[in-house]
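So the structure is just underneath, and the comments pick up after that.
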Amino acid sequence: MVNKHTKQLTVLSLIIAFNVTLSYVVKIPVPATNGFVNLVEAGIFIAAILGGAKNGMIVGGLSGLLLDLFAGYPQWMFFSLVIHGFEGWVVGYFAYQKKNISVVIGLILGSIIMIIGYFFAGVILYNWAAGWASILGNIAQSIMGLILALVMVPVINKIPQINFKN
């Protein structure tokens with residue numbers, strides 16, 4: 001019999017690895033912010049909806065940090081760890097309220113946290129213009145992640161090996 005914690009650690013590690021890989025392959029550079037738009041939100045939202053606040057935070061923080069490291073944007077690593085980690089926690093917290101409206105509220109709040117977080121990160125790292133320039137790309141990134149997550153969660157939920165509740 002597999003230890004529940006070992007299974008959970010393995011599933012989280014695989015989600016993080018898949019999320020970083022997918023986000024690294026599908027990325028659109030944003031010259032104004034010296035950053036990029038990617039699909040990292042999809043994995044964060046999926047992990048948070050299926051696994052709750054703690055798992056959403058772990059996948060969010062580590063996916064963001066590792067993606068920035070591997071993609072050559074180390075100046076963003078700390079910001080991504082905090083912003084995506086908090087985003088994942090919020091989405092997971094609301095998703096575990098067991099109401100459909102709570103999932104939607106969590107996804108919207110998580111997206112707002114990410115957009116505002118990267119706005120201020122751009123201001124801190126560069127200037128106000130970079131912060132403002134990041135907003136449209138981050139909105140698009142959130143919407144893409146939200147759509148992918150809402151499509152994939154019912155499919156992934158049927159895979160017993162990924163079910164966090166077992």
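All residue names refer to the structure tokens as shown: chains lettered A, B, ... in order, residues numbered from 1 in each chain, ligands numbered from 1 in order.
Among the residues of stretch 31-116 of chain A, backbone DSSP assigns strand (DSSP E) to A:Gly35, A:Phe36, A:Val37, A:Asn38.
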Can you list, as an MDAnalysis selection string, every protein, DNA or RNA residue that comes within 12 Å of A:Ala133 when you count only C-alpha atoms, leaving out same-chain residues fewer than 6 positions away? chainID A and resid 30:37 115:116 118:123 126:127 139
Go ahead and dump the residues you just picked, C-alpha atoms, as a compact mmCIF listing (two decimals), in the first residue's frame.
```
# COMPACT_ATOMS: atom_id res chain seq x y z
CA VAL A 30 6.48 40.74 -23.59
CA PRO A 31 9.36 43.16 -24.34
CA ALA A 32 7.94 46.02 -22.25
CA THR A 33 8.19 43.97 -19.04
CA ASN A 34 11.13 41.72 -19.98
CA GLY A 35 8.79 38.83 -19.15
CA PHE A 36 6.40 36.53 -20.96
CA VAL A 37 2.83 35.24 -21.11
CA ILE A 115 -2.54 40.59 -12.23
CA ILE A 116 -2.08 43.08 -9.38
CA TYR A 118 2.77 41.33 -11.36
CA PHE A 119 1.75 44.95 -11.87
CA PHE A 120 3.62 45.89 -8.69
CA ALA A 121 6.48 43.48 -9.43
CA GLY A 122 6.95 45.22 -12.80
CA VAL A 123 6.94 48.60 -11.05
CA TYR A 126 11.50 48.35 -13.80
CA ASN A 127 9.06 51.28 -13.68
CA ILE A 139 -5.34 39.13 -18.10
```
Write down as an NGL selection string the residues of stretch 4-85 of chain A whose backbone DSSP state falls under alpha helix (DSSP H). :A and (4-25 or 40-71 or 77-85)
Give me the residues near A:Ala42 as number ranges by chain, where near means some atom within 10 Å (using only C-alpha atoms) and where sequence neighbours in that chain fewer than 2 positions away do not count. A: 19, 22-23, 38-40, 44-48, 60, 141-153
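Of the residues listed (A:Ala129, A:Leu107, A:Ile101, A:Ile58), A:Ile58 shows the shortest atom-to-atom separation from A:Val82; distances use only C-alpha atoms.
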Would you mind telling me which residue in A:Asn55, A:Ser102, A:Ser80, A:Asn3 lies nearest to A:Asp68 when using only C-alpha atoms? A:Ser80
Among A:Ala140, A:Val103, A:Val26, A:Leu69, A:Val90 is approached most closely, using only C-alpha atoms, by A:Val103
Give me the residues of stretch 55-150 of chain A that have any atom at most 10 Å from an atom of stretch 8-17 of chain A; for each, the nearest atom pair and the distance in Å, rounded to one decimal. Use only C-alpha atoms, sort by chain and number, and format it as a tab-separated table.
```
residue	atom	partner	partner_atom	distance
A:Asn55	CA	A:Leu12	CA	7.3
A:Gly56	CA	A:Leu12	CA	9.3
A:Ile58	CA	A:Leu12	CA	7.9
A:Val59	CA	A:Ile16	CA	5.6
A:Gly60	CA	A:Ile16	CA	8.2
A:Gly61	CA	A:Ile16	CA	9.5
A:Leu62	CA	A:Ile16	CA	7.0
A:Ser63	CA	A:Ile16	CA	5.5
A:Gly64	CA	A:Ile16	CA	9.3
A:Leu66	CA	A:Ile16	CA	8.9
A:Leu67	CA	A:Ala17	CA	9.6
```
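Reported to one decimal place, the separation of atom CA of A:Ile113 from atom CA of A:Pro74 is 20.8 Å.
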